[in-house]
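Pasted below: model_26.cif, mmCIF, N, CA and C atoms and all ligand atoms.
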data_final
#
loop_
_atom_site.label_atom_id
_atom_site.label_comp_id
_atom_site.auth_asym_id
_atom_site.auth_seq_id
_atom_site.Cartn_x
_atom_site.Cartn_y
_atom_site.Cartn_z
N MET A 12 -14.77 -7.89 4.55
CA MET A 12 -13.53 -7.52 3.86
C MET A 12 -12.50 -7.08 4.90
N LEU A 13 -11.25 -7.54 4.72
CA LEU A 13 -10.19 -7.17 5.66
C LEU A 13 -9.32 -6.06 5.06
N GLN A 14 -9.00 -5.07 5.89
CA GLN A 14 -8.06 -4.02 5.47
C GLN A 14 -6.85 -4.06 6.40
N LEU A 15 -5.69 -4.17 5.79
CA LEU A 15 -4.45 -4.25 6.54
C LEU A 15 -3.52 -3.13 6.08
N VAL A 16 -2.96 -2.39 7.02
CA VAL A 16 -2.00 -1.34 6.67
C VAL A 16 -0.72 -1.60 7.45
N TYR A 17 0.41 -1.65 6.75
CA TYR A 17 1.68 -1.84 7.44
C TYR A 17 2.72 -0.89 6.89
N ILE A 18 3.78 -0.74 7.66
CA ILE A 18 4.92 0.06 7.24
C ILE A 18 6.15 -0.83 7.32
N SER A 19 7.14 -0.60 6.46
CA SER A 19 8.35 -1.42 6.51
C SER A 19 9.54 -0.59 6.04
N SER A 20 10.74 -1.13 6.23
CA SER A 20 11.96 -0.46 5.77
C SER A 20 12.41 -1.09 4.46
N VAL A 21 12.73 -0.24 3.51
CA VAL A 21 13.11 -0.69 2.17
C VAL A 21 14.53 -1.25 2.20
N ALA A 22 14.74 -2.39 1.56
CA ALA A 22 16.10 -2.93 1.38
C ALA A 22 16.73 -2.26 0.17
N ALA A 23 18.03 -2.19 0.17
CA ALA A 23 18.75 -1.45 -0.87
C ALA A 23 18.41 -1.94 -2.28
N THR A 24 18.07 -3.21 -2.37
CA THR A 24 17.88 -3.81 -3.69
C THR A 24 16.45 -3.72 -4.23
N ALA A 25 15.56 -3.10 -3.46
CA ALA A 25 14.14 -3.12 -3.85
C ALA A 25 13.87 -2.24 -5.08
N ASP A 26 13.21 -2.81 -6.05
CA ASP A 26 12.81 -2.06 -7.24
C ASP A 26 11.29 -2.02 -7.28
N LEU A 27 10.74 -0.82 -7.08
CA LEU A 27 9.29 -0.67 -6.94
C LEU A 27 8.55 -1.17 -8.18
N GLY A 28 9.14 -0.92 -9.36
CA GLY A 28 8.47 -1.33 -10.60
C GLY A 28 8.21 -2.82 -10.67
N SER A 29 9.21 -3.61 -10.32
CA SER A 29 9.00 -5.07 -10.41
C SER A 29 8.08 -5.56 -9.30
N ILE A 30 8.12 -4.93 -8.13
CA ILE A 30 7.20 -5.31 -7.05
C ILE A 30 5.76 -5.07 -7.51
N LEU A 31 5.55 -3.88 -8.12
CA LEU A 31 4.18 -3.53 -8.54
C LEU A 31 3.68 -4.44 -9.65
N ALA A 32 4.57 -4.80 -10.57
CA ALA A 32 4.15 -5.64 -11.71
C ALA A 32 3.60 -6.98 -11.20
N VAL A 33 4.34 -7.62 -10.31
CA VAL A 33 3.90 -8.92 -9.76
C VAL A 33 2.67 -8.74 -8.89
N SER A 34 2.67 -7.67 -8.09
CA SER A 34 1.54 -7.42 -7.18
C SER A 34 0.23 -7.28 -7.95
N ARG A 35 0.28 -6.55 -9.06
CA ARG A 35 -0.94 -6.31 -9.82
C ARG A 35 -1.53 -7.60 -10.34
N VAL A 36 -0.66 -8.47 -10.87
CA VAL A 36 -1.14 -9.75 -11.42
C VAL A 36 -1.75 -10.59 -10.29
N ASN A 37 -0.99 -10.75 -9.21
CA ASN A 37 -1.45 -11.58 -8.09
C ASN A 37 -2.71 -11.00 -7.45
N ASN A 38 -2.71 -9.68 -7.23
CA ASN A 38 -3.82 -9.07 -6.50
C ASN A 38 -5.12 -9.14 -7.30
N ARG A 39 -4.99 -8.98 -8.61
CA ARG A 39 -6.19 -9.11 -9.45
C ARG A 39 -6.74 -10.53 -9.32
N ARG A 40 -5.85 -11.49 -9.38
CA ARG A 40 -6.23 -12.91 -9.26
C ARG A 40 -6.90 -13.18 -7.91
N ASP A 41 -6.38 -12.54 -6.85
CA ASP A 41 -6.83 -12.86 -5.49
C ASP A 41 -7.92 -11.92 -4.96
N GLY A 42 -8.36 -10.98 -5.77
CA GLY A 42 -9.40 -10.04 -5.33
C GLY A 42 -8.90 -9.02 -4.33
N ILE A 43 -7.59 -8.74 -4.37
CA ILE A 43 -6.99 -7.78 -3.44
C ILE A 43 -6.78 -6.45 -4.15
N SER A 44 -6.98 -5.35 -3.42
CA SER A 44 -6.69 -4.03 -3.98
C SER A 44 -5.99 -3.22 -2.88
N GLY A 45 -5.54 -2.03 -3.24
CA GLY A 45 -4.89 -1.22 -2.22
C GLY A 45 -3.94 -0.19 -2.77
N LEU A 46 -3.01 0.20 -1.91
CA LEU A 46 -2.10 1.29 -2.24
C LEU A 46 -0.72 0.95 -1.70
N LEU A 47 0.28 1.11 -2.54
CA LEU A 47 1.66 0.94 -2.07
C LEU A 47 2.37 2.26 -2.27
N TYR A 48 2.86 2.82 -1.17
CA TYR A 48 3.54 4.11 -1.23
C TYR A 48 4.97 3.91 -0.74
N SER A 49 5.92 4.55 -1.41
CA SER A 49 7.30 4.44 -0.95
C SER A 49 8.04 5.75 -1.14
N ASP A 50 8.85 6.10 -0.15
CA ASP A 50 9.72 7.26 -0.31
C ASP A 50 11.16 6.78 -0.46
N SER A 51 11.31 5.50 -0.81
CA SER A 51 12.57 4.79 -1.00
C SER A 51 13.33 4.50 0.31
N VAL A 52 12.78 4.93 1.43
CA VAL A 52 13.31 4.52 2.74
C VAL A 52 12.31 3.56 3.40
N ARG A 53 11.03 3.91 3.26
CA ARG A 53 9.96 3.08 3.84
C ARG A 53 8.92 2.74 2.79
N PHE A 54 8.29 1.60 3.01
CA PHE A 54 7.07 1.28 2.27
C PHE A 54 5.90 1.48 3.22
N LEU A 55 4.81 1.99 2.69
CA LEU A 55 3.54 2.04 3.42
C LEU A 55 2.52 1.40 2.49
N GLN A 56 1.93 0.30 2.93
CA GLN A 56 1.02 -0.41 2.04
C GLN A 56 -0.30 -0.70 2.72
N ALA A 57 -1.36 -0.52 1.96
CA ALA A 57 -2.71 -0.92 2.39
C ALA A 57 -3.16 -2.06 1.50
N LEU A 58 -3.68 -3.10 2.10
CA LEU A 58 -4.21 -4.25 1.36
C LEU A 58 -5.66 -4.44 1.77
N GLU A 59 -6.53 -4.61 0.80
CA GLU A 59 -7.95 -4.86 1.09
C GLU A 59 -8.45 -6.02 0.27
N GLY A 60 -9.30 -6.83 0.87
CA GLY A 60 -9.88 -7.94 0.12
C GLY A 60 -10.44 -8.99 1.05
N PRO A 61 -10.80 -10.16 0.50
CA PRO A 61 -11.29 -11.25 1.34
C PRO A 61 -10.24 -11.59 2.39
N PRO A 62 -10.64 -11.77 3.67
CA PRO A 62 -9.68 -11.93 4.77
C PRO A 62 -8.60 -12.97 4.49
N LEU A 63 -8.98 -14.13 4.01
CA LEU A 63 -7.97 -15.18 3.80
C LEU A 63 -6.97 -14.77 2.72
N ALA A 64 -7.46 -14.14 1.67
CA ALA A 64 -6.58 -13.71 0.57
C ALA A 64 -5.59 -12.66 1.08
N VAL A 65 -6.07 -11.73 1.90
CA VAL A 65 -5.19 -10.66 2.42
C VAL A 65 -4.15 -11.25 3.37
N GLU A 66 -4.59 -12.15 4.27
CA GLU A 66 -3.65 -12.77 5.22
C GLU A 66 -2.58 -13.57 4.47
N THR A 67 -3.01 -14.29 3.44
CA THR A 67 -2.06 -15.12 2.67
C THR A 67 -1.05 -14.23 1.95
N ALA A 68 -1.54 -13.16 1.34
CA ALA A 68 -0.64 -12.23 0.65
C ALA A 68 0.33 -11.61 1.65
N TYR A 69 -0.18 -11.21 2.82
CA TYR A 69 0.68 -10.56 3.82
C TYR A 69 1.77 -11.52 4.29
N GLN A 70 1.43 -12.79 4.49
CA GLN A 70 2.45 -13.77 4.91
C GLN A 70 3.55 -13.87 3.85
N ARG A 71 3.15 -13.82 2.58
CA ARG A 71 4.11 -13.89 1.48
C ARG A 71 4.98 -12.63 1.46
N ILE A 72 4.32 -11.48 1.58
CA ILE A 72 5.00 -10.19 1.52
C ILE A 72 6.01 -10.06 2.67
N LYS A 73 5.60 -10.57 3.85
CA LYS A 73 6.44 -10.48 5.05
C LYS A 73 7.79 -11.18 4.87
N GLN A 74 7.79 -12.25 4.06
CA GLN A 74 9.02 -13.03 3.85
C GLN A 74 9.95 -12.38 2.83
N ASP A 75 9.48 -11.34 2.17
CA ASP A 75 10.20 -10.79 1.02
C ASP A 75 11.45 -10.03 1.49
N PRO A 76 12.64 -10.43 0.99
CA PRO A 76 13.87 -9.76 1.44
C PRO A 76 14.04 -8.34 0.92
N ARG A 77 13.11 -7.86 0.08
CA ARG A 77 13.24 -6.49 -0.42
C ARG A 77 12.80 -5.44 0.60
N HIS A 78 12.33 -5.91 1.74
CA HIS A 78 12.06 -5.00 2.86
C HIS A 78 12.17 -5.78 4.17
N HIS A 79 12.15 -5.05 5.30
CA HIS A 79 12.25 -5.72 6.59
C HIS A 79 11.59 -4.83 7.65
N GLY A 80 11.50 -5.39 8.85
CA GLY A 80 10.94 -4.63 9.97
C GLY A 80 9.49 -4.22 9.76
N LEU A 81 8.69 -5.15 9.24
CA LEU A 81 7.28 -4.81 9.00
C LEU A 81 6.53 -4.60 10.32
N VAL A 82 5.76 -3.54 10.38
CA VAL A 82 4.91 -3.27 11.55
C VAL A 82 3.49 -3.01 11.05
N ILE A 83 2.55 -3.79 11.56
CA ILE A 83 1.15 -3.57 11.18
C ILE A 83 0.62 -2.36 11.93
N LEU A 84 0.12 -1.37 11.20
CA LEU A 84 -0.39 -0.14 11.81
C LEU A 84 -1.88 -0.23 12.05
N SER A 85 -2.56 -1.00 11.21
CA SER A 85 -4.01 -1.09 11.34
C SER A 85 -4.49 -2.38 10.70
N ARG A 86 -5.40 -3.05 11.40
CA ARG A 86 -6.03 -4.26 10.87
C ARG A 86 -7.51 -4.15 11.22
N ARG A 87 -8.35 -3.97 10.22
CA ARG A 87 -9.77 -3.80 10.53
C ARG A 87 -10.67 -4.38 9.46
N GLU A 88 -11.87 -4.74 9.89
CA GLU A 88 -12.91 -5.18 8.97
C GLU A 88 -13.52 -3.94 8.32
N VAL A 89 -13.68 -3.94 7.02
CA VAL A 89 -14.36 -2.82 6.36
C VAL A 89 -15.52 -3.39 5.53
N GLU A 90 -16.57 -2.59 5.41
CA GLU A 90 -17.75 -3.03 4.66
C GLU A 90 -17.46 -3.09 3.17
N SER A 91 -16.71 -2.09 2.70
CA SER A 91 -16.36 -2.06 1.28
C SER A 91 -14.96 -1.47 1.15
N ARG A 92 -14.41 -1.55 -0.06
CA ARG A 92 -13.04 -1.09 -0.28
C ARG A 92 -12.92 0.41 -0.06
N GLU A 93 -12.03 0.81 0.84
CA GLU A 93 -11.86 2.23 1.14
C GLU A 93 -10.78 2.86 0.26
N PHE A 94 -9.92 2.05 -0.30
CA PHE A 94 -8.83 2.57 -1.13
C PHE A 94 -9.15 2.46 -2.62
N GLY A 95 -10.42 2.26 -2.94
CA GLY A 95 -10.79 2.14 -4.35
C GLY A 95 -10.43 0.79 -4.90
N ASP A 96 -10.53 0.67 -6.20
CA ASP A 96 -10.45 -0.64 -6.82
C ASP A 96 -9.10 -0.86 -7.51
N TRP A 97 -8.06 -0.23 -7.00
CA TRP A 97 -6.74 -0.36 -7.62
C TRP A 97 -6.13 -1.71 -7.28
N ALA A 98 -5.66 -2.43 -8.30
CA ALA A 98 -4.94 -3.68 -8.03
C ALA A 98 -3.72 -3.34 -7.18
N MET A 99 -3.18 -2.15 -7.36
CA MET A 99 -2.18 -1.56 -6.46
C MET A 99 -1.86 -0.18 -7.03
N ALA A 100 -2.31 0.85 -6.32
CA ALA A 100 -2.12 2.21 -6.83
C ALA A 100 -0.68 2.65 -6.63
N GLU A 101 -0.18 3.45 -7.52
CA GLU A 101 1.19 3.97 -7.41
C GLU A 101 1.23 5.32 -8.11
N ARG A 102 2.37 5.96 -7.98
CA ARG A 102 2.54 7.23 -8.69
C ARG A 102 2.79 6.93 -10.16
N ARG A 103 1.99 7.55 -11.03
CA ARG A 103 2.11 7.27 -12.46
C ARG A 103 3.32 7.96 -13.07
N VAL A 104 3.81 7.39 -14.14
CA VAL A 104 4.95 7.97 -14.85
C VAL A 104 4.57 9.39 -15.30
N GLY A 105 5.43 10.33 -15.03
CA GLY A 105 5.19 11.70 -15.48
C GLY A 105 4.27 12.51 -14.58
N GLU A 106 3.70 11.85 -13.59
CA GLU A 106 2.78 12.55 -12.69
C GLU A 106 3.58 13.37 -11.69
N GLU A 107 3.22 14.62 -11.52
CA GLU A 107 3.90 15.48 -10.55
C GLU A 107 3.62 14.98 -9.14
N GLY A 108 4.55 15.26 -8.23
CA GLY A 108 4.36 14.87 -6.83
C GLY A 108 3.05 15.40 -6.26
N ASP A 109 2.72 16.67 -6.61
CA ASP A 109 1.50 17.27 -6.08
C ASP A 109 0.25 16.58 -6.61
N GLN A 110 0.32 16.21 -7.91
CA GLN A 110 -0.84 15.50 -8.49
C GLN A 110 -1.04 14.15 -7.82
N PHE A 111 0.11 13.49 -7.57
CA PHE A 111 0.04 12.18 -6.92
C PHE A 111 -0.57 12.34 -5.53
N CYS A 112 -0.11 13.35 -4.80
CA CYS A 112 -0.62 13.57 -3.44
C CYS A 112 -2.12 13.86 -3.48
N ALA A 113 -2.54 14.60 -4.49
CA ALA A 113 -3.97 14.91 -4.61
C ALA A 113 -4.77 13.64 -4.87
N ARG A 114 -4.20 12.76 -5.68
CA ARG A 114 -4.89 11.50 -5.97
C ARG A 114 -4.95 10.62 -4.72
N VAL A 115 -3.84 10.58 -3.98
CA VAL A 115 -3.83 9.81 -2.73
C VAL A 115 -4.87 10.40 -1.76
N ASP A 116 -4.95 11.73 -1.72
CA ASP A 116 -5.96 12.38 -0.87
C ASP A 116 -7.35 11.89 -1.21
N ARG A 117 -7.62 11.78 -2.52
CA ARG A 117 -8.96 11.31 -2.93
C ARG A 117 -9.17 9.86 -2.51
N LEU A 118 -8.10 9.06 -2.66
CA LEU A 118 -8.20 7.65 -2.25
C LEU A 118 -8.45 7.56 -0.74
N LEU A 119 -7.86 8.50 -0.01
CA LEU A 119 -7.95 8.44 1.45
C LEU A 119 -9.25 9.00 1.99
N ALA A 120 -10.01 9.66 1.09
CA ALA A 120 -11.22 10.35 1.54
C ALA A 120 -12.18 9.40 2.26
N ASN A 121 -12.19 8.13 1.87
CA ASN A 121 -13.15 7.18 2.46
C ASN A 121 -12.56 6.31 3.56
N THR A 122 -11.32 6.55 3.91
CA THR A 122 -10.69 5.67 4.91
C THR A 122 -10.98 6.16 6.33
N ALA A 123 -10.72 5.29 7.30
CA ALA A 123 -10.92 5.65 8.70
C ALA A 123 -9.92 6.75 9.08
N PRO A 124 -10.29 7.63 10.03
CA PRO A 124 -9.44 8.77 10.38
C PRO A 124 -8.01 8.37 10.74
N ASN A 125 -7.82 7.27 11.48
CA ASN A 125 -6.44 6.93 11.88
C ASN A 125 -5.63 6.44 10.68
N VAL A 126 -6.28 5.75 9.75
CA VAL A 126 -5.58 5.28 8.55
C VAL A 126 -5.21 6.49 7.69
N ARG A 127 -6.15 7.41 7.56
CA ARG A 127 -5.90 8.61 6.75
C ARG A 127 -4.76 9.42 7.37
N ALA A 128 -4.78 9.55 8.69
CA ALA A 128 -3.75 10.33 9.38
C ALA A 128 -2.37 9.72 9.15
N THR A 129 -2.31 8.38 9.15
CA THR A 129 -1.02 7.71 8.95
C THR A 129 -0.45 8.04 7.57
N PHE A 130 -1.28 7.89 6.54
CA PHE A 130 -0.81 8.17 5.18
C PHE A 130 -0.50 9.65 5.03
N ASP A 131 -1.37 10.50 5.57
CA ASP A 131 -1.18 11.94 5.47
C ASP A 131 0.17 12.37 6.03
N SER A 132 0.46 11.90 7.24
CA SER A 132 1.70 12.37 7.88
C SER A 132 2.90 11.80 7.15
N PHE A 133 2.80 10.59 6.65
CA PHE A 133 3.90 9.97 5.90
C PHE A 133 4.20 10.79 4.65
N ILE A 134 3.15 11.15 3.95
CA ILE A 134 3.31 11.88 2.69
C ILE A 134 3.78 13.31 2.94
N LYS A 135 3.25 13.93 3.99
CA LYS A 135 3.68 15.31 4.29
C LYS A 135 5.14 15.35 4.71
N LEU A 136 5.55 14.35 5.49
CA LEU A 136 6.96 14.26 5.90
C LEU A 136 7.83 14.20 4.67
N ARG A 137 7.40 13.38 3.73
CA ARG A 137 8.16 13.16 2.50
C ARG A 137 8.27 14.46 1.70
N ARG A 138 7.15 15.19 1.66
CA ARG A 138 7.14 16.42 0.86
C ARG A 138 8.00 17.48 1.52
N ALA A 139 8.09 17.43 2.83
CA ALA A 139 8.87 18.43 3.55
C ALA A 139 10.37 18.12 3.46
N ALA A 140 10.69 16.85 3.16
CA ALA A 140 12.10 16.42 3.18
C ALA A 140 12.90 17.07 2.05
C1 LIG B 1 6.73 -3.71 -0.27
C2 LIG B 1 6.24 -4.92 -0.99
C3 LIG B 1 4.88 -4.99 -1.33
C4 LIG B 1 4.39 -6.11 -1.98
N1 LIG B 1 3.06 -6.16 -2.29
C5 LIG B 1 2.56 -7.26 -2.87
C6 LIG B 1 1.18 -7.37 -3.14
O1 LIG B 1 0.38 -6.46 -2.89
N2 LIG B 1 0.74 -8.51 -3.72
C7 LIG B 1 1.57 -9.53 -4.05
O2 LIG B 1 1.11 -10.55 -4.56
N3 LIG B 1 2.89 -9.46 -3.82
C8 LIG B 1 3.41 -8.35 -3.24
N4 LIG B 1 4.76 -8.27 -3.01
C9 LIG B 1 5.63 -9.33 -3.54
C10 LIG B 1 5.64 -10.55 -2.67
O3 LIG B 1 6.51 -10.38 -1.58
C11 LIG B 1 6.12 -11.78 -3.48
O4 LIG B 1 7.36 -11.53 -4.07
C12 LIG B 1 5.15 -12.13 -4.58
O5 LIG B 1 3.82 -12.12 -4.11
C13 LIG B 1 5.48 -13.53 -5.15
O6 LIG B 1 4.65 -13.73 -6.24
P1 LIG B 1 4.77 -15.06 -7.12
O7 LIG B 1 4.53 -16.20 -6.16
O8 LIG B 1 3.71 -14.89 -8.15
O9 LIG B 1 6.17 -15.06 -7.69
C14 LIG B 1 5.26 -7.17 -2.33
C15 LIG B 1 6.62 -7.08 -1.99
C16 LIG B 1 7.11 -5.98 -1.32
C17 LIG B 1 8.56 -5.90 -0.98
#

Using structure tokens, write down the structure that the file contains.
Ligand SMILES: Cc1cc2nc3c(=O)[nH]c(=O)nc-3n(C[C@H](O)[C@H](O)[C@H](O)COP(=O)(O)O)c2cc1C
Amino acid sequence: MLQLVYISSVAATADLGSILAVSRVNNRRDGISGLLYSDSVRFLQALEGPPLAVETAYQRIKQDPRHHGLVILSRREVESREFGDWAMAERRVGEEGDQFCARVDRLLANTAPNVRATFDSFIKLRRAA
């Protein structure tokens, strides 16, 4: 299983809701799961699944004009899904920021230390802002 984590800059026109709706349908079809986090300036996304499916999705995502400046932070083989079985996890409607962070913490509990540190610092920065 391939796990890919990247960061990107959000384009002004990006609407997280519509990105997530399409992602969920496609990712379920392709056996991909992961987490998409955004503070409306940056996206931080983890993708996990069969290597070819993840690479294909990433090539598609990279071309998307709703963000730019993608930088891969981590690319590694994992034995099993570290981000759980979410077609794409996001902050739920009505969920408090703290609850969301707690849920992300639980999702991150099984990830590699450098991956966890990346998400942790991103989220803490956001909370401090
Ligand atoms: C930040 C970001 C994350 C995305 N994540 C995914 C994803 O996980 N899976 C996916 O299929 N598309 C994702 N997309 C959308 C793709 O770029 C593309 O629009 C979509 O896959 C096209 O799907 P379609 O061929 O079914 O229309 C993402 C786009 C952005 C901007």

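Nearest-residue note for ligand LIG 1 (chain B): choosing from A:Ala22, A:Leu58, A:Leu27, A:Ile72, the minimum distance belongs to A:Ile72, counting all atoms listed in the file.
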
Requested in this report: Give me the residues within 8 Å of segment 112-116 of chain A as a list in words, counting only N, CA and C atoms and dropping any in the same chain fewer than 5 places off.
Outcome: Arg102, Glu106, Glu107, Asn121, Asp131 and Ile134 of chain A

Keeping only N, CA and C atoms, write the selected residues to a file as a PDB file, in the coordinates of the input.
ATOM      1  N   ARG A 102       2.370   5.960  -7.980  1.00  0.00           N
ATOM      2  CA  ARG A 102       2.540   7.230  -8.690  1.00  0.00           C
ATOM      3  C   ARG A 102       2.790   6.930 -10.160  1.00  0.00           C
ATOM      4  N   GLU A 106       3.700  11.850 -13.590  1.00  0.00           N
ATOM      5  CA  GLU A 106       2.780  12.550 -12.690  1.00  0.00           C
ATOM      6  C   GLU A 106       3.580  13.370 -11.690  1.00  0.00           C
ATOM      7  N   GLU A 107       3.220  14.620 -11.520  1.00  0.00           N
ATOM      8  CA  GLU A 107       3.900  15.480 -10.550  1.00  0.00           C
ATOM      9  C   GLU A 107       3.620  14.980  -9.140  1.00  0.00           C
ATOM     10  N   ASN A 121     -12.190   8.130   1.870  1.00  0.00           N
ATOM     11  CA  ASN A 121     -13.150   7.180   2.460  1.00  0.00           C
ATOM     12  C   ASN A 121     -12.560   6.310   3.560  1.00  0.00           C
ATOM     13  N   ASP A 131      -1.370  10.500   5.570  1.00  0.00           N
ATOM     14  CA  ASP A 131      -1.180  11.940   5.470  1.00  0.00           C
ATOM     15  C   ASP A 131       0.170  12.370   6.030  1.00  0.00           C
ATOM     16  N   ILE A 134       3.150  11.150   3.950  1.00  0.00           N
ATOM     17  CA  ILE A 134       3.310  11.880   2.690  1.00  0.00           C
ATOM     18  C   ILE A 134       3.780  13.310   2.940  1.00  0.00           C
TER      19      ILE A 134
END

Test item: axis-aligned box, all listed atoms of ligand LIG 1 (chain B), 8 Å on each side, centre and edges in Å rounded to one decimal, as JSON:
{"center_x": 4.5, "center_y": -10.0, "center_z": -4.2, "size_x": 24.2, "size_y": 28.5, "size_z": 23.9}

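Excluding Leu63 of chain A itself and any same-chain residue fewer than 6 positions from it, the protein and nucleic acid residues within 8 Å of it, counting all atoms listed in the file, are Met12, Leu13 and Tyr69 of chain A.
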
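If you look at atom N of Val82 of chain A and atom CA of Ile30 of chain A, they are 17.6 Å away from each other.
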
Requested in this report: Residues within 8 Å of ligand LIG 1 (chain B) should be enumerated using only N, CA and C atoms and all ligand atoms and returned as a ChimeraX atom specification.
Outcome: /A:19-22,25-27,29-39,43-48,53-58,67-79,98-99

Report task. Going by DSSP on the backbone, which bits of segment 20-125 of chain A are alpha helix (DSSP H)? Write them as number ranges by chain, please. Result -> A: 27-41, 62-73, 108-119, 124-125

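Residues in contact with segment 122-127 of chain A at 10 Å, where only C-alpha atoms are counted and same-chain residues fewer than 6 positions away are skipped, are listed as Leu15, Val16, Ala57, Leu84, Ser85, Arg86, Arg87, Val89, Arg92, Glu93, Phe94, Gly95, Val115, Asp116 and Phe133 of chain A.
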
Query raised in the report: DSSP on the backbone: what in segment 38-119 of chain A comes out strand (DSSP E or B), as an NGL selection string?
Result: :A and (44-49 or 53-60 or 78-88 or 100)

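The spacing separating atom N of Glu59 of chain A from atom C of Trp97 of chain A amounts to 8.6 Å.
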
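Distance check against Tyr17 of chain A using only C-alpha atoms: of A:Pro62, A:Asp96, A:Thr129, A:Gln110, the minimum falls on A:Thr129.
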
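The shortest atom-to-atom distance to Lys135 of chain A, with only C-alpha atoms taken into account, belongs to A:Asp50 out of A:Ala23, A:Gly80, A:Asp50, A:Leu118.
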
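Between atom CA of Glu88 of chain A and atom CA of Phe111 of chain A there is a distance of 26.9 Å.
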